[in-house]
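What follows is entry35.cif (mmCIF, C-alpha atoms).
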data_final
#
loop_
_atom_site.label_atom_id
_atom_site.label_comp_id
_atom_site.auth_asym_id
_atom_site.auth_seq_id
_atom_site.Cartn_x
_atom_site.Cartn_y
_atom_site.Cartn_z
CA MET A 30 -20.87 7.18 -42.87
CA ASN A 31 -18.18 6.39 -45.43
CA ILE A 32 -17.93 2.89 -46.85
CA GLY A 33 -14.88 2.27 -49.00
CA ILE A 34 -14.27 -0.72 -51.26
CA PHE A 35 -10.61 -1.24 -52.08
CA LEU A 36 -9.84 -1.92 -55.76
CA PHE A 37 -6.56 -3.18 -57.18
CA ASP A 38 -5.25 -4.99 -60.23
CA ASP A 39 -6.49 -8.57 -60.28
CA VAL A 40 -9.29 -7.97 -57.81
CA GLU A 41 -12.01 -10.57 -58.42
CA GLU A 42 -14.91 -8.73 -60.02
CA LEU A 43 -17.85 -10.08 -58.00
CA ASP A 44 -15.90 -9.87 -54.71
CA ALA A 45 -16.00 -6.09 -55.13
CA VAL A 46 -19.26 -5.54 -57.01
CA GLY A 47 -21.44 -7.81 -54.85
CA PRO A 48 -20.97 -5.71 -51.70
CA TYR A 49 -20.94 -2.52 -53.80
CA GLU A 50 -24.38 -3.36 -55.19
CA VAL A 51 -25.84 -4.21 -51.78
CA LEU A 52 -24.46 -1.14 -50.04
CA THR A 53 -25.18 1.37 -52.82
CA TRP A 54 -28.70 -0.02 -53.08
CA ALA A 55 -29.08 0.64 -49.34
CA ALA A 56 -27.67 4.14 -49.78
CA GLY A 57 -30.17 4.79 -52.58
CA GLU A 58 -33.09 3.56 -50.51
CA ARG A 59 -32.41 5.56 -47.37
CA GLU A 60 -31.07 9.08 -47.61
CA GLY A 61 -28.12 9.71 -45.33
CA PHE A 62 -27.41 6.02 -44.81
CA ALA A 63 -23.92 6.06 -46.28
CA ASP A 64 -21.57 7.26 -48.98
CA VAL A 65 -20.25 4.20 -50.76
CA PHE A 66 -17.21 4.52 -52.99
CA THR A 67 -14.21 2.69 -54.40
CA MET A 68 -10.56 3.60 -53.99
CA ALA A 69 -7.23 2.27 -55.20
CA VAL A 70 -3.58 3.25 -55.00
CA THR A 71 -4.20 5.64 -57.90
CA THR A 72 -7.31 6.63 -59.85
CA ASP A 73 -6.09 4.87 -62.99
CA PRO A 74 -8.48 2.12 -64.08
CA VAL A 75 -7.76 -1.18 -62.35
CA ARG A 76 -7.74 -4.32 -64.46
CA CYS A 77 -9.69 -6.93 -62.52
CA ALA A 78 -8.83 -10.64 -62.36
CA LYS A 79 -11.14 -11.57 -65.23
CA GLY A 80 -10.33 -8.52 -67.35
CA MET A 81 -12.97 -5.94 -66.43
CA ARG A 82 -11.60 -2.42 -66.11
CA ILE A 83 -13.08 -0.26 -63.36
CA VAL A 84 -12.24 3.39 -62.69
CA PRO A 85 -11.73 3.93 -58.93
CA ASP A 86 -13.53 6.89 -57.36
CA TYR A 87 -10.56 7.91 -55.23
CA SER A 88 -6.86 7.31 -54.70
CA LEU A 89 -5.65 6.40 -51.22
CA GLU A 90 -4.62 10.03 -50.81
CA THR A 91 -7.96 11.54 -51.78
CA ALA A 92 -10.33 8.94 -50.27
CA PRO A 93 -12.42 10.27 -47.38
CA PRO A 94 -11.71 8.72 -43.96
CA LEU A 95 -13.49 5.39 -43.64
CA ASP A 96 -16.09 4.04 -41.27
CA VAL A 97 -16.29 0.71 -43.07
CA LEU A 98 -13.45 -0.85 -45.07
CA ILE A 99 -14.08 -3.69 -47.51
CA VAL A 100 -11.10 -5.52 -49.01
CA PRO A 101 -12.22 -7.87 -51.81
CA GLY A 102 -10.20 -10.90 -52.84
CA GLY A 103 -8.59 -12.05 -56.03
CA VAL A 104 -5.16 -13.17 -57.14
CA GLY A 105 -3.99 -9.55 -56.81
CA THR A 106 -4.15 -9.83 -53.02
CA ARG A 107 -0.81 -11.68 -52.96
CA GLU A 108 0.96 -8.59 -54.27
CA LEU A 109 -1.28 -6.18 -52.37
CA ALA A 110 -0.41 -7.89 -49.09
CA GLN A 111 3.24 -6.98 -49.67
CA ASN A 112 2.69 -3.33 -50.53
CA ALA A 113 3.89 -1.33 -47.52
CA ALA A 114 1.96 1.82 -48.45
CA VAL A 115 -1.26 -0.18 -48.79
CA LEU A 116 -0.70 -1.96 -45.49
CA ASP A 117 -0.07 1.38 -43.77
CA TYR A 118 -3.31 2.74 -45.23
CA VAL A 119 -5.31 -0.31 -44.15
CA ARG A 120 -3.82 -0.18 -40.64
CA GLU A 121 -4.53 3.54 -40.24
CA GLN A 122 -8.07 3.34 -41.56
CA ALA A 123 -8.85 0.16 -39.63
CA ALA A 124 -7.92 1.90 -36.38
CA ARG A 125 -10.85 4.30 -36.82
CA CYS A 126 -13.29 2.01 -38.64
CA ARG A 127 -16.50 0.67 -37.18
CA TRP A 128 -16.19 -2.43 -39.36
CA VAL A 129 -13.09 -3.85 -41.05
CA THR A 130 -14.05 -6.48 -43.59
CA SER A 131 -12.77 -8.71 -46.35
CA VAL A 132 -14.21 -11.00 -49.00
CA CYS A 133 -12.50 -14.20 -50.16
CA THR A 134 -8.69 -13.86 -50.20
CA GLY A 135 -8.94 -10.22 -49.17
CA VAL A 136 -8.23 -11.61 -45.70
CA ARG A 137 -4.57 -11.87 -46.75
CA VAL A 138 -4.42 -8.08 -46.64
CA LEU A 139 -6.17 -7.82 -43.26
CA LEU A 140 -3.74 -10.37 -41.87
CA ALA A 141 -0.66 -8.72 -43.36
CA ALA A 142 -1.76 -5.27 -42.17
CA GLY A 143 -2.72 -6.46 -38.71
CA PRO A 144 -6.47 -6.08 -38.07
CA ALA A 145 -7.26 -9.79 -38.55
CA VAL A 146 -4.23 -11.15 -36.67
CA GLY A 147 -5.33 -13.34 -33.77
CA LYS A 148 -8.96 -13.30 -34.92
CA ARG A 149 -11.35 -15.97 -36.09
CA VAL A 150 -11.65 -15.59 -39.87
CA THR A 151 -12.73 -17.28 -43.06
CA THR A 152 -11.78 -17.09 -46.73
CA HIS A 153 -12.39 -18.84 -50.06
CA TRP A 154 -12.41 -22.63 -49.58
CA GLY A 155 -9.34 -22.88 -51.82
CA ALA A 156 -7.32 -20.64 -49.49
CA ILE A 157 -8.36 -22.13 -46.13
CA ALA A 158 -5.24 -24.31 -45.86
CA GLU A 159 -2.93 -21.45 -46.79
CA ILE A 160 -4.43 -19.07 -44.23
CA ARG A 161 -4.37 -21.77 -41.55
CA SER A 162 -0.73 -22.52 -42.21
CA SER A 163 0.18 -18.85 -41.93
CA GLY A 164 -0.56 -19.17 -38.22
CA LEU A 165 -1.68 -15.52 -38.13
CA ALA A 166 -5.36 -16.15 -37.40
CA LEU A 167 -6.68 -17.61 -34.17
CA GLU A 168 -8.91 -19.95 -36.16
CA VAL A 169 -9.87 -20.34 -39.83
CA LEU A 170 -13.45 -21.55 -40.18
CA ASP A 171 -14.71 -23.31 -43.26
CA ASP A 172 -18.24 -23.93 -44.51
CA VAL A 173 -19.49 -20.59 -43.24
CA ARG A 174 -20.55 -17.58 -45.30
CA PHE A 175 -18.80 -15.05 -43.07
CA VAL A 176 -17.26 -14.78 -39.61
CA ARG A 177 -17.39 -11.85 -37.21
CA ASP A 178 -14.76 -11.46 -34.53
CA GLY A 179 -14.91 -8.11 -32.78
CA ASN A 180 -15.20 -5.53 -35.54
CA VAL A 181 -13.44 -7.72 -38.10
CA VAL A 182 -15.76 -9.51 -40.52
CA THR A 183 -14.38 -11.90 -43.13
CA ALA A 184 -16.44 -13.56 -45.85
CA ALA A 185 -15.94 -16.79 -47.74
CA GLY A 186 -15.34 -16.87 -51.50
CA VAL A 187 -16.57 -14.40 -54.13
CA SER A 188 -20.38 -14.44 -53.86
CA ALA A 189 -20.26 -14.67 -50.03
CA GLY A 190 -19.55 -10.94 -50.02
CA ILE A 191 -23.21 -10.37 -50.92
CA ASP A 192 -24.36 -12.19 -47.77
CA MET A 193 -21.83 -10.33 -45.63
CA ALA A 194 -22.86 -6.96 -47.08
CA LEU A 195 -26.52 -7.67 -46.32
CA TRP A 196 -25.52 -8.48 -42.75
CA LEU A 197 -23.66 -5.15 -42.57
CA VAL A 198 -26.78 -3.34 -43.76
CA GLY A 199 -28.64 -5.01 -40.90
CA GLU A 200 -26.00 -3.88 -38.39
CA LEU A 201 -25.56 -0.36 -39.75
CA GLY A 202 -29.30 0.02 -40.27
CA ASP A 203 -31.66 -2.67 -39.06
CA PRO A 204 -32.70 -6.18 -40.16
CA GLY A 205 -35.91 -4.94 -41.80
CA PHE A 206 -33.88 -2.54 -43.92
CA ALA A 207 -31.53 -5.38 -44.89
CA ARG A 208 -34.55 -7.42 -45.98
CA ALA A 209 -35.79 -4.50 -48.08
CA VAL A 210 -32.41 -4.32 -49.81
CA GLN A 211 -32.45 -8.09 -50.29
CA LYS A 212 -35.82 -7.74 -51.98
CA GLY A 213 -34.59 -4.78 -54.03
CA ILE A 214 -31.78 -6.82 -55.57
CA GLU A 215 -34.15 -9.81 -55.69
CA TYR A 216 -31.66 -11.94 -53.80
CA PHE A 217 -33.66 -15.12 -53.36
CA PRO A 218 -31.11 -17.37 -55.02
CA ALA A 219 -31.92 -20.62 -56.73
CA PRO A 220 -28.79 -22.07 -58.30
CA PRO A 221 -30.12 -24.11 -61.24
CA TYR A 222 -28.12 -27.33 -60.76
CA SER A 223 -27.90 -29.28 -57.56
CA ALA A 224 -24.79 -28.36 -55.67
CA SER A 225 -23.22 -31.76 -55.34
CA VAL A 226 -19.69 -30.97 -56.57
CA MET B 22 -17.85 -18.82 -78.77
CA ASN B 23 -18.32 -15.11 -78.14
CA ILE B 24 -20.36 -13.96 -75.16
CA GLY B 25 -21.06 -10.24 -75.06
CA ILE B 26 -22.45 -8.28 -72.13
CA PHE B 27 -23.99 -4.96 -73.14
CA LEU B 28 -23.00 -1.98 -71.00
CA PHE B 29 -24.62 1.45 -71.00
CA ASP B 30 -25.02 4.46 -68.76
CA ASP B 31 -27.17 3.59 -65.74
CA VAL B 32 -26.77 -0.16 -66.16
CA GLU B 33 -27.28 -1.77 -62.74
CA GLU B 34 -23.86 -2.94 -61.59
CA LEU B 35 -24.64 -6.48 -60.39
CA ASP B 36 -26.94 -7.17 -63.36
CA ALA B 37 -23.84 -7.01 -65.54
CA VAL B 38 -21.10 -8.22 -63.22
CA GLY B 39 -22.97 -11.28 -61.87
CA PRO B 40 -23.16 -13.00 -65.28
CA TYR B 41 -19.71 -11.64 -66.19
CA GLU B 42 -18.20 -13.32 -63.13
CA VAL B 43 -19.92 -16.65 -63.76
CA LEU B 44 -19.05 -16.77 -67.46
CA THR B 45 -15.47 -15.52 -67.16
CA TRP B 46 -14.90 -18.00 -64.34
CA ALA B 47 -16.10 -20.73 -66.71
CA ALA B 48 -13.83 -19.41 -69.46
CA GLY B 49 -10.88 -19.46 -67.06
CA GLU B 50 -11.61 -23.02 -65.95
CA ARG B 51 -11.96 -24.59 -69.39
CA GLU B 52 -9.73 -23.46 -72.23
CA GLY B 53 -11.64 -22.71 -75.41
CA PHE B 54 -14.99 -22.48 -73.63
CA ALA B 55 -15.71 -18.88 -74.57
CA ASP B 56 -14.46 -15.35 -74.99
CA VAL B 57 -16.45 -13.15 -72.64
CA PHE B 58 -16.38 -9.40 -73.10
CA THR B 59 -18.32 -6.19 -72.61
CA MET B 60 -19.39 -3.71 -75.25
CA ALA B 61 -21.20 -0.41 -75.37
CA VAL B 62 -22.11 2.23 -77.94
CA THR B 63 -18.58 3.63 -77.55
CA THR B 64 -15.55 2.55 -75.53
CA ASP B 65 -15.82 5.54 -73.21
CA PRO B 66 -16.36 4.47 -69.59
CA VAL B 67 -20.02 3.92 -68.77
CA ARG B 68 -21.36 5.35 -65.54
CA CYS B 69 -23.46 2.62 -63.95
CA ALA B 70 -26.70 3.20 -62.04
CA LYS B 71 -24.99 3.33 -58.67
CA GLY B 72 -21.99 5.31 -59.87
CA MET B 73 -19.36 2.70 -60.75
CA ARG B 74 -17.46 3.50 -63.93
CA ILE B 75 -16.57 0.54 -66.15
CA VAL B 76 -14.50 0.71 -69.34
CA PRO B 77 -16.18 -1.38 -72.09
CA ASP B 78 -13.97 -3.78 -74.02
CA TYR B 79 -15.52 -2.94 -77.40
CA SER B 80 -17.80 -0.49 -79.14
CA LEU B 81 -20.73 -1.84 -81.13
CA GLU B 82 -18.63 -1.37 -84.25
CA THR B 83 -15.59 -3.27 -83.01
CA ALA B 84 -17.30 -6.03 -81.00
CA PRO B 85 -16.85 -9.52 -82.44
CA PRO B 86 -20.05 -11.20 -83.72
CA LEU B 87 -21.96 -12.73 -80.83
CA ASP B 88 -23.06 -16.25 -80.00
CA VAL B 89 -24.60 -15.18 -76.71
CA LEU B 90 -25.97 -11.71 -75.97
CA ILE B 91 -26.65 -10.55 -72.41
CA VAL B 92 -28.54 -7.31 -71.84
CA PRO B 93 -28.43 -6.31 -68.16
CA GLY B 94 -31.07 -4.07 -66.59
CA GLY B 95 -31.02 -0.76 -64.83
CA VAL B 96 -32.77 2.57 -65.18
CA GLY B 97 -30.72 3.22 -68.32
CA THR B 98 -32.74 0.60 -70.22
CA ARG B 99 -35.58 3.11 -70.70
CA GLU B 100 -33.34 5.28 -72.86
CA LEU B 101 -31.53 2.33 -74.41
CA ALA B 102 -34.81 0.84 -75.60
CA GLN B 103 -35.39 3.98 -77.67
CA ASN B 104 -31.96 4.10 -79.30
CA ALA B 105 -32.45 3.02 -82.90
CA ALA B 106 -28.80 2.13 -83.47
CA VAL B 107 -28.77 -0.06 -80.37
CA LEU B 108 -32.00 -1.79 -81.35
CA ASP B 109 -30.60 -2.45 -84.85
CA TYR B 110 -27.48 -3.95 -83.29
CA VAL B 111 -29.48 -6.15 -80.91
CA ARG B 112 -31.75 -7.32 -83.73
CA GLU B 113 -28.85 -8.15 -86.04
CA GLN B 114 -26.83 -9.97 -83.39
CA ALA B 115 -29.87 -11.80 -82.01
CA ALA B 116 -30.57 -13.25 -85.46
CA ARG B 117 -27.30 -15.19 -85.32
CA CYS B 118 -27.09 -15.84 -81.57
CA ARG B 119 -27.48 -19.19 -79.92
CA TRP B 120 -28.87 -17.50 -76.80
CA VAL B 121 -30.41 -14.04 -76.46
CA THR B 122 -30.72 -13.07 -72.81
CA SER B 123 -31.57 -10.28 -70.42
CA VAL B 124 -31.37 -9.62 -66.71
CA CYS B 125 -33.93 -7.55 -64.82
CA THR B 126 -35.26 -4.64 -66.90
CA GLY B 127 -32.92 -5.52 -69.77
CA VAL B 128 -36.00 -7.25 -71.16
CA ARG B 129 -37.23 -3.79 -72.23
CA VAL B 130 -34.48 -3.79 -74.85
CA LEU B 131 -35.23 -7.33 -76.06
CA LEU B 132 -38.90 -6.37 -76.40
CA ALA B 133 -38.20 -3.09 -78.19
CA ALA B 134 -35.72 -4.74 -80.56
CA GLY B 135 -37.94 -7.71 -81.26
CA PRO B 136 -36.38 -10.96 -80.00
CA ALA B 137 -38.60 -11.23 -76.91
CA VAL B 138 -41.85 -10.15 -78.59
CA GLY B 139 -44.49 -12.87 -78.25
CA LYS B 140 -42.35 -14.85 -75.80
CA ARG B 141 -42.77 -15.86 -72.19
CA VAL B 142 -40.47 -13.62 -70.17
CA THR B 143 -39.70 -12.33 -66.70
CA THR B 144 -38.14 -9.21 -65.22
CA HIS B 145 -37.54 -7.46 -61.88
CA TRP B 146 -40.63 -7.78 -59.66
CA GLY B 147 -40.98 -3.99 -59.75
CA ALA B 148 -41.32 -4.01 -63.55
CA ILE B 149 -43.69 -6.98 -63.98
CA ALA B 150 -46.80 -4.77 -64.25
CA GLU B 151 -45.15 -2.43 -66.75
CA ILE B 152 -44.00 -5.26 -69.01
CA ARG B 153 -47.39 -6.96 -68.80
CA SER B 154 -49.18 -3.75 -69.75
CA SER B 155 -46.91 -3.30 -72.77
CA GLY B 156 -48.68 -6.29 -74.29
CA LEU B 157 -45.52 -7.22 -76.18
CA ALA B 158 -44.79 -10.47 -74.35
CA LEU B 159 -46.95 -13.58 -74.54
CA GLU B 160 -46.77 -13.94 -70.78
CA VAL B 161 -44.84 -12.26 -67.97
CA LEU B 162 -44.05 -14.71 -65.20
CA ASP B 163 -43.30 -13.64 -61.66
CA ASP B 164 -41.65 -15.48 -58.77
CA VAL B 165 -39.24 -17.30 -61.06
CA ARG B 166 -35.50 -16.77 -61.34
CA PHE B 167 -35.45 -16.94 -65.13
CA VAL B 168 -37.61 -18.05 -68.03
CA ARG B 169 -36.55 -19.75 -71.23
CA ASP B 170 -38.71 -19.50 -74.35
CA GLY B 171 -36.97 -20.80 -77.45
CA ASN B 172 -33.53 -19.23 -77.44
CA VAL B 173 -34.64 -16.21 -75.43
CA VAL B 174 -33.82 -16.35 -71.71
CA THR B 175 -34.91 -13.58 -69.38
CA ALA B 176 -33.93 -13.35 -65.72
CA ALA B 177 -35.64 -11.69 -62.78
CA GLY B 178 -34.07 -8.79 -60.90
CA VAL B 179 -30.38 -8.00 -60.39
CA SER B 180 -28.93 -11.07 -58.62
CA ALA B 181 -31.05 -13.48 -60.71
CA GLY B 182 -28.55 -12.98 -63.51
CA ILE B 183 -26.13 -15.16 -61.54
CA ASP B 184 -28.57 -18.09 -61.56
CA MET B 185 -29.30 -17.59 -65.25
CA ALA B 186 -25.62 -17.46 -66.13
CA LEU B 187 -24.96 -20.71 -64.25
CA TRP B 188 -27.78 -22.29 -66.26
CA LEU B 189 -26.15 -21.01 -69.47
CA VAL B 190 -22.86 -22.63 -68.43
CA GLY B 191 -24.76 -25.89 -68.02
CA GLU B 192 -26.28 -25.53 -71.49
CA LEU B 193 -23.13 -24.34 -73.26
CA GLY B 194 -21.00 -26.84 -71.37
CA ASP B 195 -22.62 -29.39 -69.10
CA PRO B 196 -24.28 -29.42 -65.65
CA GLY B 197 -21.19 -30.78 -63.93
CA PHE B 198 -19.18 -27.89 -65.31
CA ALA B 199 -21.83 -25.45 -64.07
CA ARG B 200 -21.54 -27.00 -60.61
CA ALA B 201 -17.76 -26.58 -60.71
CA VAL B 202 -18.20 -22.89 -61.53
CA GLN B 203 -20.78 -22.57 -58.78
CA LYS B 204 -18.25 -24.02 -56.36
CA GLY B 205 -15.52 -21.77 -57.76
CA ILE B 206 -17.47 -18.64 -56.94
CA GLU B 207 -18.68 -20.32 -53.74
CA TYR B 208 -22.29 -19.64 -54.66
CA PHE B 209 -24.06 -21.43 -51.82
CA PRO B 210 -26.01 -18.39 -50.68
CA ALA B 211 -27.28 -17.87 -47.16
CA PRO B 212 -28.89 -14.45 -46.88
CA PRO B 213 -28.40 -13.51 -43.24
CA TYR B 214 -31.92 -12.29 -42.39
CA SER B 215 -35.07 -14.23 -43.02
CA ALA B 216 -36.65 -13.17 -46.27
CA SER B 217 -40.04 -12.14 -44.99
CA VAL B 218 -40.34 -8.70 -46.60
#
Encoded form (structure tokens):
Amino acid sequence: MNIGIFLFDDVEELDAVGPYEVLTWAAGEREGFADVFTMAVTTDPVRCAKGMRIVPDYSLETAPPLDVLIVPGGVGTRELAQNAAVLDYVREQAARCRWVTSVCTGVRVLLAAGPAVGKRVTTHWGAIAEIRSSGLALEVLDDVRFVRDGNVVTAAGVSAGIDMALWLVGELGDPGFARAVQKGIEYFPAPPYSASV
Amino acid sequence: MNIGIFLFDDVEELDAVGPYEVLTWAAGEREGFADVFTMAVTTDPVRCAKGMRIVPDYSLETAPPLDVLIVPGGVGTRELAQNAAVLDYVREQAARCRWVTSVCTGVRVLLAAGPAVGKRVTTHWGAIAEIRSSGLALEVLDDVRFVRDGNVVTAAGVSAGIDMALWLVGELGDPGFARAVQKGIEYFPAPPYSASV
């Protein structure tokens, strides 16, 4: 099983690395579970939204065919969602994927390419109004960590990709395995200040 | 204020990128809050524990003097904790830092270099016994997200670095600012399977 995480300039770092950590941890725990890799338009380092430079494993031309696609968010998704070659790639891969997923504003790309059109979706709270006004989704839910509609799964902002990826591990493996991965990355969060903002 | 995150071969991806996301988000929200960067022994790309390649911003020679040091964990900390040049760097920087911190098994480096010796610390649950048996720490706490002793702050495994970094934002800024960053990265976690492992 091939799980590909799409990288691009101005991808938000944790949007990509949260699911990467969860899924590579799963791959390390259970032999044969999955190959997890990153890909981008080229294999030149991408410069993420906050400045981190990551070297993609594959270009779109060399990436193995996908069973799971993850499109992270970030300000770079505005440009990405207008790149015809990228949209073609997403459309082609999505047609054969078991799961087509996004984190945060990565849903812009799934809407522009087609897979999320007419589906129930979510996104970062700051982009809910924009995605609603696009009229492309059937419904845009807020105050949820992720939404599944058919084989399209969209997560809320940034850190919500971790929750979605754990859910994927439960679907691709089983819930007990997802709990083992959760324990492996010690994901028993306790944000230190009360969340009253 | 300079916040440096130490990268090295076999650093665990989320150990580094969790705090990086939190602290760069804070820097983006409030002008003049901090410069957040990564450094490694050289500026060659590091190959992280799960295979991601990240290009460090600075080498140890070119990195600006630090106010906050973050040493992530990962299997590479075993080797790092025996690298005399690295330990010298950590010792020198720690002497001038406002906060000296680690995530997960990064505490091995803070113990080998000195700053965490005789302190109350924590680490990944899988390394608690090892760190206790080293006898270098005053006490090794388990089942906590992070421990502060003086200006040394050590976090539990992998994802606990996110909680610790939010706490640092509250200390370096104020709690309301930390809550704004928490909302920015939409860190209201809801792991999808009950955590009974």
### Message
As a check of understanding, name the residues that the PyMOL selection byres ((chain A) within 6 of (chain B)) selects in the supplied structure, as a PyMOL selection string.
### Response
chain A and resi 82-84+186-188+192+196+208+214-216+220-221+226
### Task
Report the residues retrieved by the PyMOL selection byres ((chain A and resi 165-170) around 9) from the displayed file, expressed as a ChimeraX atom specification.
/A:140-141,145-152,157-158,160-164,171-173,175-176
### Message
Residues within 6 Å of region 102-108 of chain A, please, as a ChimeraX atom specification. Count all atoms listed in the file; anything in the same chain fewer than 4 positions from it doesn't count.
### Response
/A:38-41,132-135
### Message
Expand the PyMOL selection byres ((chain A and resi 69) around 7) into the explicit residue set it covers here, and present it as a PyMOL selection string.
### Response
chain A and resi 35-37+68+70-72+85+87-89
#### Entry: Nearby residues (all atoms listed in the file) at most 10 Å from Gln103 (chain B), same-chain spacing under 6 positions excluded, as a VMD selection string
chain B and resid 129 to 130 133 to 134
### Task
Would you work out the distance separating CA of Val128 (chain B) from CA of Glu50 (chain B), expressed in Å to one decimal?
29.5 Å
Neighbourhood query: residues within 12 Å of (-15.4, -13.5, -79.3), file coordinates, counting all atoms listed in the file; return as a short mmCIF file (atom, residue, chain, number, x, y, z; two decimals) with C-alpha atoms, keeping the file's coordinate frame.
data_model
loop_
_atom_site.label_atom_id
_atom_site.label_comp_id
_atom_site.auth_asym_id
_atom_site.auth_seq_id
_atom_site.Cartn_x
_atom_site.Cartn_y
_atom_site.Cartn_z
CA MET B 22 -17.85 -18.82 -78.77
CA ASN B 23 -18.32 -15.11 -78.14
CA ILE B 24 -20.36 -13.96 -75.16
CA GLY B 25 -21.06 -10.24 -75.06
CA ILE B 26 -22.45 -8.28 -72.13
CA ALA B 48 -13.83 -19.41 -69.46
CA GLY B 53 -11.64 -22.71 -75.41
CA PHE B 54 -14.99 -22.48 -73.63
CA ALA B 55 -15.71 -18.88 -74.57
CA ASP B 56 -14.46 -15.35 -74.99
CA VAL B 57 -16.45 -13.15 -72.64
CA PHE B 58 -16.38 -9.40 -73.10
CA THR B 59 -18.32 -6.19 -72.61
CA MET B 60 -19.39 -3.71 -75.25
CA ASP B 78 -13.97 -3.78 -74.02
CA TYR B 79 -15.52 -2.94 -77.40
CA THR B 83 -15.59 -3.27 -83.01
CA ALA B 84 -17.30 -6.03 -81.00
CA PRO B 85 -16.85 -9.52 -82.44
CA PRO B 86 -20.05 -11.20 -83.72
CA LEU B 87 -21.96 -12.73 -80.83
CA ASP B 88 -23.06 -16.25 -80.00
CA VAL B 89 -24.60 -15.18 -76.71
CA LEU B 90 -25.97 -11.71 -75.97
#
### Query
What is the CA of Trp128 (chain A)-CA of Val198 (chain A) distance in Å, reported with one decimal?
11.5 Å
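Separating CA of Asp73 (chain A) from CA of Asp65 (chain B) is a distance of 14.1 Å.
Shortest separation to Cys126 (chain A) among A:Val182, A:Leu109, A:Ala114, A:Cys77 occurs at residue A:Val182, atoms counted being all atoms listed in the file.
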Which centre and edge lengths in Å to one decimal define the box along x, y and z that fits every listed atom of region 84-101 of chain B plus 6 Å per side, as AutoDock Vina command-line options?
--center_x -26.2 --center_y -5.5 --center_z -74.3 --size_x 30.7 --size_y 33.5 --size_z 30.9
Got a sec to write region 100-134 of chain B of the block to a file, C-alpha atoms, as a PDB file, in the first residue's frame?
ATOM      1  CA  GLU B 100      24.986   8.884  18.854  1.00  0.00           C
ATOM      2  CA  LEU B 101      24.448  12.605  19.371  1.00  0.00           C
ATOM      3  CA  ALA B 102      24.937  12.228  23.118  1.00  0.00           C
ATOM      4  CA  GLN B 103      28.447  10.922  22.444  1.00  0.00           C
ATOM      5  CA  ASN B 104      29.518  13.663  20.039  1.00  0.00           C
ATOM      6  CA  ALA B 105      31.947  15.864  21.958  1.00  0.00           C
ATOM      7  CA  ALA B 106      31.558  18.855  19.640  1.00  0.00           C
ATOM      8  CA  VAL B 107      27.774  18.721  19.979  1.00  0.00           C
ATOM      9  CA  LEU B 108      27.958  18.427  23.753  1.00  0.00           C
ATOM     10  CA  ASP B 109      30.334  21.413  23.898  1.00  0.00           C
ATOM     11  CA  TYR B 110      27.902  23.420  21.783  1.00  0.00           C
ATOM     12  CA  VAL B 111      24.919  22.467  23.941  1.00  0.00           C
ATOM     13  CA  ARG B 112      26.834  23.291  27.131  1.00  0.00           C
ATOM     14  CA  GLU B 113      27.989  26.675  25.842  1.00  0.00           C
ATOM     15  CA  GLN B 114      24.585  27.696  24.503  1.00  0.00           C
ATOM     16  CA  ALA B 115      22.737  26.398  27.563  1.00  0.00           C
ATOM     17  CA  ALA B 116      24.855  28.634  29.793  1.00  0.00           C
ATOM     18  CA  ARG B 117      23.331  31.719  28.164  1.00  0.00           C
ATOM     19  CA  CYS B 118      19.852  30.388  27.366  1.00  0.00           C
ATOM     20  CA  ARG B 119      16.674  31.470  29.042  1.00  0.00           C
ATOM     21  CA  TRP B 120      15.174  28.017  28.447  1.00  0.00           C
ATOM     22  CA  VAL B 121      16.966  24.739  27.744  1.00  0.00           C
ATOM     23  CA  THR B 122      14.518  22.118  26.526  1.00  0.00           C
ATOM     24  CA  SER B 123      14.170  18.644  25.100  1.00  0.00           C
ATOM     25  CA  VAL B 124      11.454  16.485  23.621  1.00  0.00           C
ATOM     26  CA  CYS B 125      11.295  12.711  24.085  1.00  0.00           C
ATOM     27  CA  THR B 126      14.761  11.118  24.139  1.00  0.00           C
ATOM     28  CA  GLY B 127      16.404  14.488  23.474  1.00  0.00           C
ATOM     29  CA  VAL B 128      16.905  14.483  27.239  1.00  0.00           C
ATOM     30  CA  ARG B 129      19.835  12.088  26.654  1.00  0.00           C
ATOM     31  CA  VAL B 130      21.721  15.003  25.129  1.00  0.00           C
ATOM     32  CA  LEU B 131      20.833  17.431  27.934  1.00  0.00           C
ATOM     33  CA  LEU B 132      22.018  14.843  30.469  1.00  0.00           C
ATOM     34  CA  ALA B 133      25.242  14.045  28.612  1.00  0.00           C
ATOM     35  CA  ALA B 134      26.039  17.731  28.119  1.00  0.00           C
TER      36      ALA B 134
END
